[in-house]
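Data first, discussion second: the structure below is written as C-alpha cells.
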Amino acid sequence: MKTVTLALSFLFVSIIAMAQEKTNVAITVTIDNLTSDEGKVLAGLHTAETFMKGPGIQNLESTIENGKAILKFNNVKPGTYAVMALHDANENNRMDYQSNGMPKESYGMSGNDMTMGPPTFNSAKFTVGDEDLEMNIRF
C-alpha cells in the first residue's frame, strides 16, 4: 500500500509541475487595416540575428478577408523577438520597391514604429515569457 501511495504522490507532483511549466507559447498577430483583399500577408518571427537579414525563425502567410489578416506563430520559446509583416499584393513572395528605393507594398512590424528609414530590431522587439500573446500590427 505504501508503494501505491508513493507512486500516486509522485504522479500528482509531476502533473502539477508540468502544468506550471509552459515553455512554448502562441503569438497571434492581427492586421486589420489592409487596403484591399488582393494578394496575401507574409509574416516572419525574427530574432536579433535574423531581423532584416532574410527569413525569420518562423514564417507564415495568410489570406485577407474584409481588410483583415490573422496569423498565429505556434511553439515559440521564451526569448526576445520581433514580427515583420508585408502585404504581398501581387503574390510574388517578396517586397517590391519603387525606383527611388521606397516600398511599393504596405508593411509593418511589432511595436508599430512608423519612423522614416529602415526598421530596427530595438523598435520592434518584444519579450515572450510563458503566456500566449496577442498583438496588432498597423500598416
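Starting from 1 in every chain, residues are counted up; chains themselves are A, B, ... following the order of the C-alpha cells, and ligands are numbered from 1 as listed.
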
All residues 6 Å or closer to Ala89 of chain A, only C-alpha atoms, same chain fewer than 2 positions away omitted, as a VMD selection string
chain A and resid 38 to 39 87 91

Please produce a file of the residues just selected, as a short mmCIF file (atom, residue, chain, number, x, y, z; two decimals), in the first residue's frame, where the atoms kept are C-alpha atoms.
data_model
loop_
_atom_site.label_atom_id
_atom_site.label_comp_id
_atom_site.auth_asym_id
_atom_site.auth_seq_id
_atom_site.Cartn_x
_atom_site.Cartn_y
_atom_site.Cartn_z
CA GLU A 38 -5.83 41.22 -53.08
CA GLY A 39 -2.80 39.03 -52.55
CA HIS A 87 1.04 42.86 -47.80
CA GLU A 91 1.87 37.38 -54.61
#

Taking the backbone alone, and naming residues the way the document does, which bits of segment 40-73 of chain A are strand (DSSP E) by DSSP, as a list in words?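 Restricting segment 40-73 of chain A to strand (DSSP E) produces Lys40, Val41, Leu42, Ala43, Gly44, Leu45, His46, Gln58, Asn59, Leu60, Glu61, Ser62, Ala69, Ile70, Leu71, Lys72 and Phe73 of chain A.
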
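Minimum distance to Lys53 of chain A across A:Phe139, A:Phe121, A:Tyr97, A:Glu134 (counting only C-alpha atoms) occurs at A:Phe121.
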
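Take atom CA of Ser36 of chain A and atom CA of Gln98 of chain A: the distance between them is 19.5 Å.
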
Spatial neighbours of Gln58 of chain A, max dist 9 Å, only C-alpha atoms, sep filter under 4 positions, as a ChimeraX atom specification | /A:43-46,73-74,76

Go ahead and save the picked residues with all heavy atoms, as a PDB file, in the first residue's frame.
ATOM      1  N   ALA A  43       4.372  37.019 -43.065  1.00  0.00           N
ATOM      2  CA  ALA A  43       4.893  37.474 -41.776  1.00  0.00           C
ATOM      3  C   ALA A  43       6.011  36.557 -41.324  1.00  0.00           C
ATOM      4  O   ALA A  43       5.984  35.349 -41.572  1.00  0.00           O
ATOM      5  CB  ALA A  43       3.785  37.498 -40.725  1.00  0.00           C
ATOM      6  N   GLY A  44       6.987  37.152 -40.663  1.00  0.00           N
ATOM      7  CA  GLY A  44       8.103  36.389 -40.133  1.00  0.00           C
ATOM      8  C   GLY A  44       8.350  36.737 -38.680  1.00  0.00           C
ATOM      9  O   GLY A  44       8.257  37.901 -38.285  1.00  0.00           O
ATOM     10  N   LEU A  45       8.637  35.718 -37.882  1.00  0.00           N
ATOM     11  CA  LEU A  45       9.036  35.894 -36.483  1.00  0.00           C
ATOM     12  C   LEU A  45      10.555  35.896 -36.471  1.00  0.00           C
ATOM     13  O   LEU A  45      11.187  34.935 -36.924  1.00  0.00           O
ATOM     14  CB  LEU A  45       8.477  34.757 -35.624  1.00  0.00           C
ATOM     15  CG  LEU A  45       8.830  34.794 -34.143  1.00  0.00           C
ATOM     16  CD1 LEU A  45       8.162  35.991 -33.463  1.00  0.00           C
ATOM     17  CD2 LEU A  45       8.405  33.495 -33.469  1.00  0.00           C
ATOM     18  N   HIS A  46      11.144  36.980 -35.966  1.00  0.00           N
ATOM     19  CA  HIS A  46      12.593  37.176 -36.051  1.00  0.00           C
ATOM     20  C   HIS A  46      13.252  37.314 -34.689  1.00  0.00           C
ATOM     21  O   HIS A  46      12.666  37.849 -33.753  1.00  0.00           O
ATOM     22  CB  HIS A  46      12.897  38.450 -36.855  1.00  0.00           C
ATOM     23  CG  HIS A  46      12.553  38.347 -38.295  1.00  0.00           C
ATOM     24  ND1 HIS A  46      13.430  37.876 -39.238  1.00  0.00           N
ATOM     25  CD2 HIS A  46      11.403  38.628 -38.952  1.00  0.00           C
ATOM     26  CE1 HIS A  46      12.840  37.891 -40.423  1.00  0.00           C
ATOM     27  NE2 HIS A  46      11.610  38.345 -40.274  1.00  0.00           N
ATOM     28  N   PHE A  73       1.740  32.280 -34.759  1.00  0.00           N
ATOM     29  CA  PHE A  73       3.007  31.579 -34.585  1.00  0.00           C
ATOM     30  C   PHE A  73       2.853  30.650 -33.384  1.00  0.00           C
ATOM     31  O   PHE A  73       2.504  31.104 -32.293  1.00  0.00           O
ATOM     32  CB  PHE A  73       4.148  32.563 -34.321  1.00  0.00           C
ATOM     33  CG  PHE A  73       4.421  33.484 -35.478  1.00  0.00           C
ATOM     34  CD1 PHE A  73       3.910  34.774 -35.484  1.00  0.00           C
ATOM     35  CD2 PHE A  73       5.191  33.077 -36.550  1.00  0.00           C
ATOM     36  CE1 PHE A  73       4.163  35.632 -36.535  1.00  0.00           C
ATOM     37  CE2 PHE A  73       5.440  33.927 -37.622  1.00  0.00           C
ATOM     38  CZ  PHE A  73       4.930  35.207 -37.608  1.00  0.00           C
ATOM     39  N   ASN A  74       3.118  29.360 -33.576  1.00  0.00           N
ATOM     40  CA  ASN A  74       2.971  28.378 -32.502  1.00  0.00           C
ATOM     41  C   ASN A  74       4.323  27.881 -32.014  1.00  0.00           C
ATOM     42  O   ASN A  74       5.326  27.969 -32.725  1.00  0.00           O
ATOM     43  CB  ASN A  74       2.144  27.179 -32.986  1.00  0.00           C
ATOM     44  CG  ASN A  74       0.706  27.553 -33.227  1.00  0.00           C
ATOM     45  OD1 ASN A  74       0.034  28.096 -32.354  1.00  0.00           O
ATOM     46  ND2 ASN A  74       0.213  27.285 -34.423  1.00  0.00           N
ATOM     47  N   VAL A  76       6.474  28.908 -29.727  1.00  0.00           N
ATOM     48  CA  VAL A  76       7.542  29.893 -29.603  1.00  0.00           C
ATOM     49  C   VAL A  76       8.157  29.763 -28.215  1.00  0.00           C
ATOM     50  O   VAL A  76       7.451  29.786 -27.204  1.00  0.00           O
ATOM     51  CB  VAL A  76       7.001  31.322 -29.823  1.00  0.00           C
ATOM     52  CG1 VAL A  76       8.113  32.342 -29.689  1.00  0.00           C
ATOM     53  CG2 VAL A  76       6.326  31.433 -31.181  1.00  0.00           C
TER      54      VAL A  76
END

Which one of A:Lys40, A:Asn100, A:Tyr107, A:Thr80 sits closest to Val128 of chain A if you count only C-alpha atoms?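 Nearest to Val128 of chain A: A:Thr80.
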
### Task
Using DSSP on the backbone, list every residue of segment 69-134 of chain A that comes out as helix (DSSP H, G or I), and give them as a PyMOL selection string.
chain A and resi 121-124

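Candidate residues A:Gly67, A:Pro103, A:Pro78, A:Glu49 were compared for distance to Asn24 of chain A, and the nearest is A:Pro78, using only C-alpha atoms.
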
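Minimum distance to Val41 of chain A across A:Glu65, A:Asp113, A:Asp88, A:Asp132 (counting only C-alpha atoms) occurs at A:Asp88.
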
message = List the spatial neighbours of segment 123-125 of chain A as a list of chain:residue names - criterion: any atom at most 9 Å away, only C-alpha atoms, same-chain residues fewer than 5 positions off excluded.
response = A:His46, A:Thr47, A:Ala48, A:Thr80, A:Tyr81, A:Ala82, A:Val83, A:Met84, A:Met109, A:Ser110, A:Gly111, A:Asn112, A:Asp113

Requested in this report: Please indicate the distance in Å from atom CA of Ile64 of chain A to atom CA of Thr127 of chain A, rounded to one decimal place.
Outcome: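 Atom-to-atom, atom CA of Ile64 of chain A and atom CA of Thr127 of chain A are spaced 27.2 Å apart.
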